[in-house]
$ cat start-v7.csv   # CSV, C-alpha atoms
chain,number,residue,atom,x,y,z
V,16,VAL,CA,19.4,-0.1,3.8
V,17,LYS,CA,20.8,1.6,0.7
V,18,VAL,CA,19.0,4.6,-0.8
V,19,THR,CA,20.0,5.8,-4.2
V,20,LEU,CA,18.7,8.9,-6.0
V,21,TRP,CA,18.3,8.1,-9.7
V,22,GLY,CA,16.2,11.2,-10.7
V,23,THR,CA,15.7,14.3,-8.6
V,24,ARG,CA,14.1,16.7,-11.0
V,25,GLY,CA,10.4,17.6,-10.9
V,26,SER,CA,7.8,18.4,-13.6
V,27,LEU,CA,10.1,17.9,-16.6
V,28,ALA,CA,13.5,16.3,-17.4
V,29,ALA,CA,16.1,19.0,-17.6
V,30,PRO,CA,19.4,17.8,-19.0
V,31,GLY,CA,22.1,20.3,-19.8
V,32,ALA,CA,25.4,21.8,-18.8
V,33,ASP,CA,24.0,23.7,-15.9
V,34,THR,CA,22.2,20.8,-14.3
V,35,VAL,CA,25.0,18.2,-14.3
V,36,ARG,CA,25.5,18.0,-10.6
V,37,TYR,CA,21.9,17.8,-9.5
V,38,GLY,CA,20.9,15.9,-12.6
V,39,GLY,CA,18.2,16.2,-15.2
V,40,ASN,CA,16.1,13.1,-14.7
V,41,THR,CA,12.7,13.1,-13.1
V,42,SER,CA,11.8,11.5,-9.8
V,43,CYS,CA,13.1,8.0,-9.0
V,44,VAL,CA,14.7,6.6,-5.9
V,45,SER,CA,15.6,3.1,-5.0
V,46,VAL,CA,15.6,1.6,-1.6
V,47,GLU,CA,17.5,-1.8,-1.2
V,48,GLY,CA,17.3,-3.9,1.9
V,49,PRO,CA,20.2,-6.1,3.1
V,50,GLU,CA,18.3,-9.2,2.2
V,51,GLY,CA,17.9,-8.0,-1.4
V,52,THR,CA,14.4,-6.5,-1.4
V,53,LEU,CA,14.3,-3.7,-4.0
V,54,LEU,CA,11.8,-0.9,-3.8
V,55,VAL,CA,11.6,1.7,-6.5
V,56,LEU,CA,9.9,5.0,-5.5
V,57,ASP,CA,8.3,6.5,-8.6
V,58,ALA,CA,9.1,5.8,-12.2
V,59,GLY,CA,10.3,9.1,-13.6
V,60,THR,CA,13.0,9.2,-16.3
V,61,GLY,CA,15.6,8.3,-13.7
V,62,ILE,CA,14.3,4.7,-13.6
V,63,ARG,CA,15.9,3.9,-16.9
V,64,ASN,CA,19.4,4.1,-15.4
V,65,LEU,CA,18.3,2.1,-12.4
V,66,GLY,CA,17.1,-0.6,-14.8
V,67,ARG,CA,20.7,-0.9,-16.2
V,68,ASN,CA,22.2,-1.3,-12.7
V,69,LEU,CA,20.3,-4.1,-11.1
V,70,PRO,CA,21.7,-7.5,-9.8
V,71,GLU,CA,21.6,-10.3,-12.4
V,72,ASP,CA,19.7,-12.6,-10.1
V,73,LEU,CA,16.8,-10.1,-9.5
V,74,ASN,CA,13.4,-11.9,-9.7
V,75,ARG,CA,11.1,-9.3,-8.3
V,76,VAL,CA,10.9,-5.5,-8.2
V,77,ASP,CA,8.2,-3.3,-6.5
V,78,ILE,CA,7.5,0.1,-7.9
V,79,LEU,CA,5.7,2.4,-5.5
V,80,LEU,CA,4.1,5.3,-7.3
V,81,THR,CA,3.2,8.4,-5.3
V,82,HIS,CA,0.7,9.5,-8.0
V,83,LEU,CA,0.3,9.4,-11.7
V,84,HIS,CA,1.6,12.7,-12.9
V,85,MET,CA,3.8,12.4,-16.0
V,86,ASP,CA,7.1,13.2,-14.3
V,87,HIS,CA,6.6,10.2,-12.0
V,88,LEU,CA,5.6,7.8,-14.8
V,89,GLN,CA,7.4,8.6,-17.9
V,90,GLY,CA,10.3,6.2,-17.4
V,91,LEU,CA,8.2,3.1,-16.7
V,92,PRO,CA,8.1,1.8,-20.3
V,93,PHE,CA,11.9,2.2,-20.4
V,94,PHE,CA,12.6,0.2,-17.2
V,95,ALA,CA,14.3,-2.9,-18.6
V,96,PRO,CA,13.0,-5.4,-16.0
V,97,ILE,CA,9.4,-5.0,-17.1
V,98,ARG,CA,10.2,-6.6,-20.4
V,99,ASN,CA,12.1,-9.5,-18.7
V,100,PRO,CA,9.8,-12.6,-18.3
V,101,ASP,CA,12.1,-13.8,-15.4
V,102,ILE,CA,11.3,-10.7,-13.3
V,103,GLU,CA,7.9,-9.9,-11.6
V,104,THR,CA,7.2,-6.2,-11.5
V,105,HIS,CA,4.7,-5.1,-9.0
V,106,VAL,CA,3.3,-1.5,-9.4
V,107,TRP,CA,1.6,0.1,-6.3
V,108,GLY,CA,-0.3,3.4,-6.4
V,109,PRO,CA,-3.1,5.3,-4.9
V,110,ALA,CA,-6.6,4.0,-5.4
V,111,SER,CA,-9.4,6.0,-7.1
V,112,THR,CA,-13.2,5.5,-6.9
V,113,MET,CA,-13.4,6.1,-10.7
V,114,LEU,CA,-10.9,3.9,-12.5
V,115,SER,CA,-8.4,1.1,-11.5
V,116,LEU,CA,-4.7,1.9,-11.2
V,117,LYS,CA,-4.1,-0.2,-14.3
V,118,SER,CA,-6.7,1.7,-16.4
V,119,ARG,CA,-5.3,5.0,-15.3
V,120,LEU,CA,-1.8,4.0,-16.1
V,121,GLN,CA,-2.9,2.7,-19.5
V,122,ARG,CA,-4.2,6.1,-20.4
V,123,TYR,CA,-0.5,7.1,-20.7
V,124,VAL,CA,1.1,3.8,-21.8
V,125,SER,CA,-1.1,3.2,-24.8
V,126,PRO,CA,-1.7,4.7,-28.2
V,127,PRO,CA,-1.9,7.5,-29.2
V,128,LEU,CA,0.3,8.8,-26.3
V,129,PHE,CA,2.6,5.9,-26.4
V,130,PRO,CA,3.2,3.4,-29.3
V,131,VAL,CA,2.8,0.2,-27.3
V,132,SER,CA,0.2,-0.9,-24.7
V,133,VAL,CA,1.2,-2.0,-21.2
V,134,ARG,CA,0.0,-5.5,-21.8
V,135,ASP,CA,2.2,-5.9,-24.9
V,136,LEU,CA,5.2,-4.4,-23.2
V,137,ALA,CA,5.3,-6.2,-19.9
V,138,PRO,CA,4.7,-9.9,-19.5
V,139,ARG,CA,4.7,-10.1,-15.7
V,140,LEU,CA,3.4,-6.8,-14.5
V,141,PHE,CA,1.0,-6.7,-11.5
V,142,PHE,CA,-0.9,-3.8,-10.2
V,143,HIS,CA,-1.9,-3.1,-6.5
V,144,GLU,CA,-4.1,-0.3,-5.3
V,145,LEU,CA,-2.9,1.0,-1.9
V,146,SER,CA,-5.2,0.5,1.0
V,147,LEU,CA,-3.7,3.2,3.1
V,148,GLU,CA,-3.0,0.6,5.8
V,149,MET,CA,0.5,-0.6,6.8
V,150,PHE,CA,1.7,-3.3,4.4
V,151,GLU,CA,4.8,-5.4,3.9
V,152,ILE,CA,7.0,-6.0,0.9
V,153,GLY,CA,9.9,-8.4,1.6
V,154,GLU,CA,11.9,-7.1,4.6
V,155,PHE,CA,10.2,-3.7,4.6
V,156,ASP,CA,7.1,-2.4,6.5
V,157,ILE,CA,5.5,0.4,4.5
V,158,ALA,CA,2.9,3.1,5.4
V,159,ALA,CA,1.2,5.1,2.6
V,160,GLN,CA,-0.9,8.1,3.3
V,161,LEU,CA,-2.6,10.7,1.2
V,162,VAL,CA,-0.9,14.1,1.2
V,163,ILE,CA,-1.7,17.5,-0.2
V,164,HIS,CA,-1.0,17.6,-3.9
V,165,PRO,CA,-3.5,17.8,-6.9
V,166,ASN,CA,-5.1,14.5,-7.7
V,167,PRO,CA,-4.8,11.5,-5.3
V,168,THR,CA,-1.2,11.5,-4.1
V,169,VAL,CA,0.5,9.5,-1.4
V,170,GLY,CA,3.7,9.7,0.5
V,171,TYR,CA,5.6,6.7,1.8
V,172,ARG,CA,7.3,5.8,5.1
V,173,ILE,CA,9.5,2.7,4.6
V,174,ILE,CA,10.7,1.0,7.8
V,175,HIS,CA,13.4,-1.5,8.2
V,176,HIS,CA,14.4,-2.6,11.8
V,177,GLY,CA,13.3,0.7,13.2
V,178,LYS,CA,15.0,2.9,10.6
V,179,ALA,CA,12.6,5.0,8.6
V,180,VAL,CA,12.9,6.6,5.1
V,181,THR,CA,10.1,9.0,4.2
V,182,TYR,CA,9.5,10.0,0.6
V,183,LEU,CA,7.3,13.0,-0.1
V,184,PRO,CA,8.4,14.3,-3.5
V,185,ASP,CA,5.2,16.3,-4.3
V,186,HIS,CA,3.8,17.9,-1.3
V,187,GLU,CA,2.3,21.3,-0.4
V,188,PRO,CA,1.5,21.0,3.3
V,189,MET,CA,1.2,24.8,3.6
V,190,LEU,CA,-1.7,25.1,1.1
V,191,GLY,CA,-4.5,27.2,2.6
V,192,ALA,CA,-3.0,27.2,6.1
V,193,ARG,CA,-3.2,30.5,7.8
V,194,LYS,CA,0.2,29.9,9.3
V,195,PHE,CA,2.9,27.4,8.6
V,196,PRO,CA,4.1,25.3,10.2
V,197,ARG,CA,1.1,24.6,12.4
V,198,SER,CA,0.6,21.8,14.9
V,199,PRO,CA,1.5,18.3,13.8
V,200,GLN,CA,-2.2,17.2,14.1
V,201,TRP,CA,-3.1,19.7,11.3
V,202,THR,CA,0.0,19.2,9.0
V,203,SER,CA,-0.2,17.0,6.0
V,204,GLY,CA,2.5,14.4,5.9
V,205,TYR,CA,3.5,14.7,9.5
V,206,ASP,CA,2.8,11.1,10.6
V,207,LEU,CA,4.9,9.8,7.6
V,208,ALA,CA,7.8,12.1,8.4
V,209,ALA,CA,7.9,12.2,12.2
V,210,LYS,CA,11.4,11.4,13.4
V,211,ALA,CA,12.4,9.8,10.1
V,212,ASP,CA,16.0,8.9,9.7
V,213,LEU,CA,15.9,10.2,6.2
V,214,LEU,CA,13.3,12.6,4.7
V,215,ILE,CA,13.2,13.1,0.9
V,216,HIS,CA,10.9,16.1,0.3
V,217,ASP,CA,9.6,18.4,-2.3
V,218,THR,CA,11.6,21.7,-2.5
V,219,GLN,CA,10.5,22.8,-6.0
V,220,TYR,CA,10.4,26.6,-5.6
V,221,SER,CA,12.2,29.4,-4.0
V,222,PRO,CA,10.0,31.4,-1.5
V,223,ASP,CA,9.6,34.2,-4.1
V,224,GLU,CA,8.6,31.8,-6.8
V,225,TYR,CA,6.1,30.1,-4.6
V,226,GLN,CA,4.0,33.3,-4.3
V,227,ASP,CA,2.9,32.9,-7.9
V,228,ARG,CA,2.5,29.1,-7.7
V,229,VAL,CA,0.3,28.5,-4.7
V,230,GLY,CA,-1.9,25.5,-5.3
V,231,PHE,CA,0.4,23.9,-7.8
V,232,GLY,CA,1.1,21.2,-5.2
V,233,HIS,CA,4.7,21.9,-4.3
V,234,SER,CA,6.7,23.4,-1.4
V,235,ASN,CA,9.2,26.1,-1.3
V,236,MET,CA,12.7,25.4,0.0
V,237,VAL,CA,12.3,27.3,3.3
V,238,GLN,CA,8.9,25.8,4.1
V,239,ALA,CA,10.2,22.3,3.4
V,240,PHE,CA,13.1,22.9,5.8
V,241,GLU,CA,10.5,24.1,8.4
V,242,PHE,CA,8.4,20.9,7.8
V,243,ALA,CA,11.5,18.8,8.3
V,244,ALA,CA,12.2,20.6,11.6
V,245,LEU,CA,8.6,20.2,12.7
V,246,ALA,CA,8.9,16.5,12.0
V,247,ASP,CA,12.2,16.3,13.8
V,248,VAL,CA,13.9,14.3,11.1
V,249,ASN,CA,17.5,13.2,11.3
V,250,ARG,CA,18.5,13.9,7.7
V,251,PHE,CA,16.8,15.9,5.0
V,252,VAL,CA,17.2,15.6,1.2
V,253,PRO,CA,15.8,18.6,-0.8
V,254,PHE,CA,14.2,17.0,-3.9
V,255,HIS,CA,12.0,17.4,-7.0
V,256,HIS,CA,13.9,20.5,-8.3
V,257,ASP,CA,12.2,22.8,-10.7
V,258,PRO,CA,13.5,22.2,-14.2
V,259,THR,CA,14.5,25.9,-14.5
V,260,HIS,CA,16.8,25.8,-11.5
V,261,SER,CA,20.5,25.4,-12.3
V,262,ASP,CA,23.1,23.7,-10.1
V,263,ASP,CA,24.3,27.1,-8.8
V,264,GLN,CA,20.8,28.3,-8.1
V,265,LEU,CA,20.0,25.1,-6.1
V,266,ASP,CA,23.2,25.5,-4.1
V,267,GLN,CA,22.2,29.0,-3.2
V,268,MET,CA,18.6,28.1,-2.4
V,269,ILE,CA,19.7,25.4,0.0
V,270,LEU,CA,22.3,27.7,1.6
V,271,ASP,CA,19.7,30.5,2.0
V,272,ALA,CA,17.2,28.1,3.6
V,273,MET,CA,19.8,26.7,6.0
V,274,ARG,CA,20.7,30.3,7.1
V,275,GLU,CA,17.0,31.1,7.7
V,276,VAL,CA,15.9,27.9,9.4
V,277,ALA,CA,19.2,26.9,11.1
V,278,PRO,CA,18.3,23.2,10.9
V,279,GLY,CA,19.2,20.8,13.7
V,280,PHE,CA,19.3,18.0,11.2
V,281,GLY,CA,21.7,16.9,8.5
V,282,VAL,CA,21.2,18.1,4.9
V,283,THR,CA,22.2,16.1,1.8
V,284,PRO,CA,21.5,18.0,-1.4
V,285,GLY,CA,19.3,15.9,-3.7
V,286,GLN,CA,21.7,15.2,-6.5
V,287,GLU,CA,21.3,12.4,-9.0
V,288,GLY,CA,23.5,9.5,-8.2
V,289,THR,CA,23.7,10.2,-4.5
V,290,LYS,CA,23.8,7.1,-2.3
V,291,ILE,CA,22.9,7.1,1.3
V,292,ASN,CA,23.4,4.2,3.6
V,293,LEU,CA,21.2,3.8,6.7
V,294,ALA,CA,22.8,1.4,9.2
V,295,ASP,CA,20.4,-0.7,11.4
E,15,MET,CA,-2.8,13.5,19.0
E,16,ALA,CA,-2.4,11.7,15.7
E,17,GLN,CA,-2.3,13.7,12.4
E,18,GLN,CA,-5.7,14.2,10.8
E,19,GLU,CA,-6.3,12.7,7.3
E,20,VAL,CA,-5.5,15.0,4.4
E,21,GLU,CA,-9.2,15.4,3.4
E,22,VAL,CA,-9.9,16.7,7.0
E,23,ILE,CA,-6.9,19.1,6.9
E,24,LEU,CA,-7.9,20.5,3.6
E,25,ALA,CA,-11.5,20.9,4.8
E,26,ARG,CA,-10.2,22.9,7.8
E,27,HIS,CA,-8.0,25.1,5.6
E,28,LEU,CA,-11.0,25.8,3.4
E,29,ALA,CA,-13.2,26.5,6.4
E,30,GLU,CA,-10.7,29.0,7.7
E,31,HIS,CA,-11.2,31.0,4.5
E,32,LEU,CA,-15.0,30.9,4.4
E,33,ALA,CA,-17.4,33.5,5.8
E,34,LEU,CA,-20.0,30.7,6.3
E,35,PRO,CA,-20.0,28.9,9.6
E,36,VAL,CA,-18.5,25.4,9.3
E,37,PHE,CA,-18.3,22.4,11.6
E,38,ILE,CA,-16.0,19.4,11.1
E,39,ILE,CA,-16.2,16.0,12.9
E,40,ASP,CA,-14.0,13.0,12.7
E,41,PRO,CA,-15.2,9.4,12.1
E,42,GLN,CA,-15.8,8.9,15.8
E,43,GLY,CA,-18.2,11.9,15.8
E,44,ASN,CA,-15.8,14.2,17.7
E,45,LEU,CA,-16.1,17.8,16.8
E,46,ILE,CA,-12.6,18.6,15.7
E,47,PHE,CA,-13.0,22.1,14.3
E,48,PHE,CA,-15.3,25.0,13.8
E,49,ASN,CA,-14.4,28.3,12.2
E,50,GLU,CA,-14.7,31.9,13.3
E,51,PRO,CA,-18.2,32.5,11.7
E,52,ALA,CA,-19.4,29.4,13.5
E,53,GLU,CA,-18.0,30.8,16.8
E,54,ALA,CA,-20.2,33.9,16.3
E,55,VAL,CA,-23.3,31.8,15.9
E,56,LEU,CA,-22.5,29.3,18.7
E,57,GLY,CA,-21.2,31.9,21.1
E,58,LEU,CA,-18.1,29.7,21.7
E,59,ARG,CA,-14.5,29.9,20.6
E,60,PHE,CA,-12.8,26.8,19.2
E,61,GLY,CA,-9.6,27.7,21.0
E,62,ASP,CA,-11.5,27.5,24.3
E,63,THR,CA,-13.4,24.2,23.6
E,64,GLY,CA,-10.9,22.2,21.6
E,65,LEU,CA,-12.1,18.7,20.6
E,66,MET,CA,-15.6,17.8,21.8
E,67,PRO,CA,-17.0,14.3,21.8
E,68,ALA,CA,-20.4,13.8,20.0
E,69,SER,CA,-22.2,13.3,23.3
E,70,GLU,CA,-21.2,16.8,24.3
E,71,TRP,CA,-21.5,18.9,21.2
E,72,SER,CA,-24.7,17.3,20.0
E,73,THR,CA,-26.6,18.3,23.1
E,74,MET,CA,-24.8,21.5,24.3
E,75,PHE,CA,-26.4,23.6,21.5
E,76,GLU,CA,-29.8,22.1,22.4
E,77,PRO,CA,-30.9,21.4,18.9
E,78,MET,CA,-34.7,21.4,18.7
E,79,ASP,CA,-37.5,21.4,16.1
E,80,GLN,CA,-40.1,24.1,15.5
E,81,ALA,CA,-42.2,22.9,18.4
E,82,GLY,CA,-39.2,23.0,20.8
E,83,LYS,CA,-38.8,19.2,20.9
E,84,PRO,CA,-35.2,18.1,21.3
E,85,ILE,CA,-33.6,16.5,18.2
E,86,ALA,CA,-31.8,13.3,19.0
E,87,PRO,CA,-28.1,13.2,18.0
E,88,GLU,CA,-28.6,10.5,15.4
E,89,GLU,CA,-31.1,12.7,13.6
E,90,LEU,CA,-28.6,15.6,13.2
E,91,PRO,CA,-27.4,16.0,9.6
E,92,LEU,CA,-23.7,15.9,10.6
E,93,VAL,CA,-24.2,12.6,12.3
E,94,ILE,CA,-26.3,11.2,9.4
E,95,ALA,CA,-23.6,12.3,6.9
E,96,MET,CA,-20.9,10.5,8.9
E,97,THR,CA,-22.8,7.3,9.7
E,98,GLN,CA,-24.8,6.9,6.6
E,99,GLY,CA,-22.3,8.4,4.1
E,100,HIS,CA,-24.6,10.8,2.3
E,101,PRO,CA,-25.3,14.5,2.3
E,102,GLU,CA,-28.2,15.7,4.6
E,103,HIS,CA,-30.0,19.0,5.0
E,104,LYS,CA,-32.2,20.2,7.9
E,105,ALA,CA,-33.7,23.4,9.3
E,106,PHE,CA,-33.9,23.5,13.1
E,107,TRP,CA,-33.2,25.7,16.1
E,108,ILE,CA,-30.2,25.8,18.5
E,109,ARG,CA,-29.4,27.7,21.7
E,110,GLY,CA,-25.9,29.0,22.0
E,111,SER,CA,-23.9,29.5,25.1
E,112,ASP,CA,-25.2,33.1,25.1
E,113,PHE,CA,-28.7,31.6,25.7
E,114,LYS,CA,-30.1,33.0,22.4
E,115,THR,CA,-32.3,30.7,20.3
E,116,ARG,CA,-31.5,30.8,16.7
E,117,GLN,CA,-33.1,29.2,13.6
E,118,ILE,CA,-30.5,27.7,11.4
E,119,GLU,CA,-30.4,25.7,8.1
E,120,LEU,CA,-27.6,23.2,7.9
E,121,THR,CA,-26.2,21.1,5.1
E,122,ALA,CA,-23.7,18.3,6.0
E,123,PHE,CA,-21.7,16.0,3.7
E,124,PRO,CA,-19.3,13.2,4.3
E,125,LEU,CA,-15.6,13.5,3.5
E,126,LEU,CA,-15.6,10.5,1.2
E,127,GLY,CA,-12.2,10.4,-0.4
E,128,GLN,CA,-11.0,8.9,-3.7
E,129,SER,CA,-9.8,5.8,-1.7
E,130,GLY,CA,-13.4,5.2,-0.7
E,131,ARG,CA,-12.7,6.1,2.9
E,132,ILE,CA,-14.8,8.5,4.9
E,133,SER,CA,-12.4,10.5,7.0
E,134,GLY,CA,-15.0,12.8,8.6
E,135,ALA,CA,-18.0,15.0,7.8
E,136,VAL,CA,-18.5,18.7,7.3
E,137,SER,CA,-21.5,20.9,7.9
E,138,ILE,CA,-22.1,24.4,6.6
E,139,PHE,CA,-24.9,26.3,8.3
E,140,TRP,CA,-26.4,29.7,8.3
E,141,GLU,CA,-28.7,31.6,10.6
E,142,VAL,CA,-32.2,32.1,9.2
E,143,THR,CA,-33.1,35.8,9.6
E,144,LYS,CA,-36.6,36.9,8.8

$ encode --input "start-v7.csv" --output "structure tokens"
Amino acid sequence: VKVTLWGTRGSLAAPGADTVRYGGNTSCVSVEGPEGTLLVLDAGTGIRNLGRNLPEDLNRVDILLTHLHMDHLQGLPFFAPIRNPDIETHVWGPASTMLSLKSRLQRYVSPPLFPVSVRDLAPRLFFHELSLEMFEIGEFDIAAQLVIHPNPTVGYRIIHHGKAVTYLPDHEPMLGARKFPRSPQWTSGYDLAAKADLLIHDTQYSPDEYQDRVGFGHSNMVQAFEFAALADVNRFVPFHHDPTHSDDQLDQMILDAMREVAPGFGVTPGQEGTKINLAD
Amino acid sequence: MAQQEVEVILARHLAEHLALPVFIIDPQGNLIFFNEPAEAVLGLRFGDTGLMPASEWSTMFEPMDQAGKPIAPEELPLVIAMTQGHPEHKAFWIRGSDFKTRQIELTAFPLLGQSGRISGAVSIFWEVTK
């Protein structure tokens, strides 16, 4: 299974000289199975580059949205395969009792916020509301569960022959908790992350910054490391970086968290372009 | 024990910050949390009881009406909220483990999430003091 980080930034794209290593594109990760199944996790601005690096014989792509905040959607109209009539694009996302997934997406991808409507843009686009039960796409088994973040938001656990990749890009499991981490039973996202081979998790803030941003839906770097330790993961990728954080700041934040938590797992900084192979 | 659903976790986090007594049950009717103000009314500590099945909690507080007639579990607001999926309110009497009889008013509501799933029910109650 090949995991590639196409966009690691949160909230807003942040290109510039001081974000070259970690990247400026917003959330997008691809997960490719050995039989060719392609899953795309979120459709932030990073998805545009993914669309330019796909196999020529691709005939289906599945985009798994965690939620519908702009930084996870903004790249969708610029993902080349959705305009290709030879490729089926399936979009999965959390259900709502108020509006269908398609209707909610169309609020963004339609005038006056966007010049073209979804139906005019994509000839073979299909929408699926998540049932929160295990489901299959190609060679992958997938679990989706609601997690703590404003508006319905899910995380994903993607399983291939016993190997698990967990994706929790926007997650504030410590919100309102009197202490953190607490027991697994009372920790949002625990079941998705437990003993994952690879955990990609929100680390948007430093511990100091978090004090003024409680309830914004994001974790601080140290708490995210503590969550990874509670879940006993094998490898951790700090992800969804705040747009104001430079490469040097992110290096330091990760180092500080590693000193404080002394993790017993591997750490791969969430840098755009990083490829991680999980062997069966 | 498996992780609780996120609506239940958030309900507990909220309950821990409230001065009102709060009870939370899971879809099977098990009492999975009550907060410190509820401990004071019930005369029990959650840390001591842990999870309690419906058959246990629905009778241990001896819920009764004004005439002293026991209230069946299926008539309790928390059970109605969970099984019928709508809010319910009731005034009744309970007897805590300290053997004191207290009149309470209780409002219960289901944790009906945006996915359409009911992941538990919450009751907020208060002692009626004359």

$ atom_distance --input "start-v7.csv" --atom1 "CA of Leu128 (chain V)" --atom2 "CA of Asn99 (chain V)"
23.1 Å

$ interface_residues --input "start-v7.csv" --of "chain E" --to "chain V" --cutoff "10 Å" --atoms "only C-alpha atoms" --output "PyMOL selection string"
chain E and resi 15-31+126-131

$ atom_distance --input "start-v7.csv" --atom1 "CA of Ala179 (chain V)" --atom2 "CA of Val252 (chain V)"
13.7 Å

$ residues_near_point --input "start-v7.csv" --point "(-10.3, 27.0, 13.7)" --cutoff "10 Å" --atoms "only C-alpha atoms" --output "PyMOL selection string"
(chain V and resi 193) or (chain E and resi 26-27+29-30+36-38+46-53+59-61+64)

$ atom_distance --input "start-v7.csv" --atom1 "CA of Ile62 (chain V)" --atom2 "CA of Glu287 (chain V)"
11.4 Å

$ residues_around --input "start-v7.csv" --residues "Phe240 (chain V)" --least-positions-apart "5" --cutoff "10 Å" --atoms "all atoms listed in the file" --output "PDB file with C-alpha atoms, keeping the file's coordinate frame"
ATOM      1  CA  HIS V 216      10.900  16.100   0.300  1.00  0.00           C
ATOM      2  CA  ASP V 217       9.600  18.400  -2.300  1.00  0.00           C
ATOM      3  CA  THR V 218      11.600  21.700  -2.500  1.00  0.00           C
ATOM      4  CA  SER V 234       6.700  23.400  -1.400  1.00  0.00           C
ATOM      5  CA  ASN V 235       9.200  26.100  -1.300  1.00  0.00           C
ATOM      6  CA  LEU V 245       8.600  20.200  12.700  1.00  0.00           C
ATOM      7  CA  ALA V 246       8.900  16.500  12.000  1.00  0.00           C
ATOM      8  CA  PHE V 251      16.800  15.900   5.000  1.00  0.00           C
ATOM      9  CA  VAL V 252      17.200  15.600   1.200  1.00  0.00           C
ATOM     10  CA  PRO V 253      15.800  18.600  -0.800  1.00  0.00           C
ATOM     11  CA  ILE V 269      19.700  25.400   0.000  1.00  0.00           C
ATOM     12  CA  ALA V 272      17.200  28.100   3.600  1.00  0.00           C
ATOM     13  CA  MET V 273      19.800  26.700   6.000  1.00  0.00           C
ATOM     14  CA  GLU V 275      17.000  31.100   7.700  1.00  0.00           C
ATOM     15  CA  VAL V 276      15.900  27.900   9.400  1.00  0.00           C
ATOM     16  CA  ALA V 277      19.200  26.900  11.100  1.00  0.00           C
ATOM     17  CA  PRO V 278      18.300  23.200  10.900  1.00  0.00           C
ATOM     18  CA  PHE V 280      19.300  18.000  11.200  1.00  0.00           C
ATOM     19  CA  VAL V 282      21.200  18.100   4.900  1.00  0.00           C
TER      20      VAL V 282
END

$ closest_residue --input "start-v7.csv" --among "E:Leu92, E:Ile108, E:Met74, E:Leu45" --to "Phe123 (chain E)" --atoms "all atoms listed in the file"
E:Leu92

$ closest_residue --input "start-v7.csv" --among "E:Gly43, E:Pro91, E:Gly110, E:Pro67" --to "Phe139 (chain E)" --atoms "all atoms listed in the file"
E:Pro91

$ closest_residue --input "start-v7.csv" --among "V:Leu27, V:Leu53, V:Val46, V:Ile152" --to "Tyr182 (chain V)" --atoms "only C-alpha atoms"
V:Val46

$ closest_residue --input "start-v7.csv" --among "E:Ile94, E:Leu120, E:Leu32, E:Ala105" --to "Trp140 (chain E)" --atoms "all atoms listed in the file"
E:Leu120

$ residues_around --input "start-v7.csv" --residues "Thr181 (chain V)" --least-positions-apart "6" --cutoff "9 Å" --atoms "all atoms listed in the file" --output "ChimeraX atom specification"
/V:170-174,207-209,211-216

$ residues_around --input "start-v7.csv" --residues "Leu293 (chain V)" --least-positions-apart "2" --cutoff "8 Å" --atoms "all atoms listed in the file" --output "JSON, numbers by chain"
{"V": [16, 17, 18, 178, 212, 291, 295]}

$ residues_around --input "start-v7.csv" --residues "Pro87 (chain E)" --least-positions-apart "3" --cutoff "8 Å" --atoms "all atoms listed in the file" --output "short mmCIF file (atom, residue, chain, number, x, y, z; two decimals) with C-alpha atoms, in the coordinates of the input"
data_model
loop_
_atom_site.label_atom_id
_atom_site.label_comp_id
_atom_site.auth_asym_id
_atom_site.auth_seq_id
_atom_site.Cartn_x
_atom_site.Cartn_y
_atom_site.Cartn_z
CA ALA E 68 -20.40 13.80 20.00
CA SER E 69 -22.20 13.30 23.30
CA SER E 72 -24.70 17.30 20.00
CA THR E 73 -26.60 18.30 23.10
CA LEU E 90 -28.60 15.60 13.20
CA VAL E 93 -24.20 12.60 12.30
#

$ closest_residue --input "start-v7.csv" --among "E:Glu76, E:Met96, E:Lys83, E:Ile138" --to "Gln42 (chain E)" --atoms "all atoms listed in the file"
E:Met96

$ closest_residue --input "start-v7.csv" --among "V:Lys210, V:Trp107, V:His82, V:Thr23" --to "Phe150 (chain V)" --atoms "all atoms listed in the file"
V:Trp107

$ residues_around --input "start-v7.csv" --residues "Lys114 (chain E)" --least-positions-apart "2" --cutoff "10 Å" --atoms "all atoms listed in the file" --output "PDB file with C-alpha atoms, keeping the file's coordinate frame"
ATOM      1  CA  VAL E  55     -23.300  31.800  15.900  1.00  0.00           C
ATOM      2  CA  LEU E  56     -22.500  29.300  18.700  1.00  0.00           C
ATOM      3  CA  GLY E  57     -21.200  31.900  21.100  1.00  0.00           C
ATOM      4  CA  ILE E 108     -30.200  25.800  18.500  1.00  0.00           C
ATOM      5  CA  ARG E 109     -29.400  27.700  21.700  1.00  0.00           C
ATOM      6  CA  GLY E 110     -25.900  29.000  22.000  1.00  0.00           C
ATOM      7  CA  SER E 111     -23.900  29.500  25.100  1.00  0.00           C
ATOM      8  CA  ASP E 112     -25.200  33.100  25.100  1.00  0.00           C
ATOM      9  CA  ARG E 116     -31.500  30.800  16.700  1.00  0.00           C
TER      10      ARG E 116
END
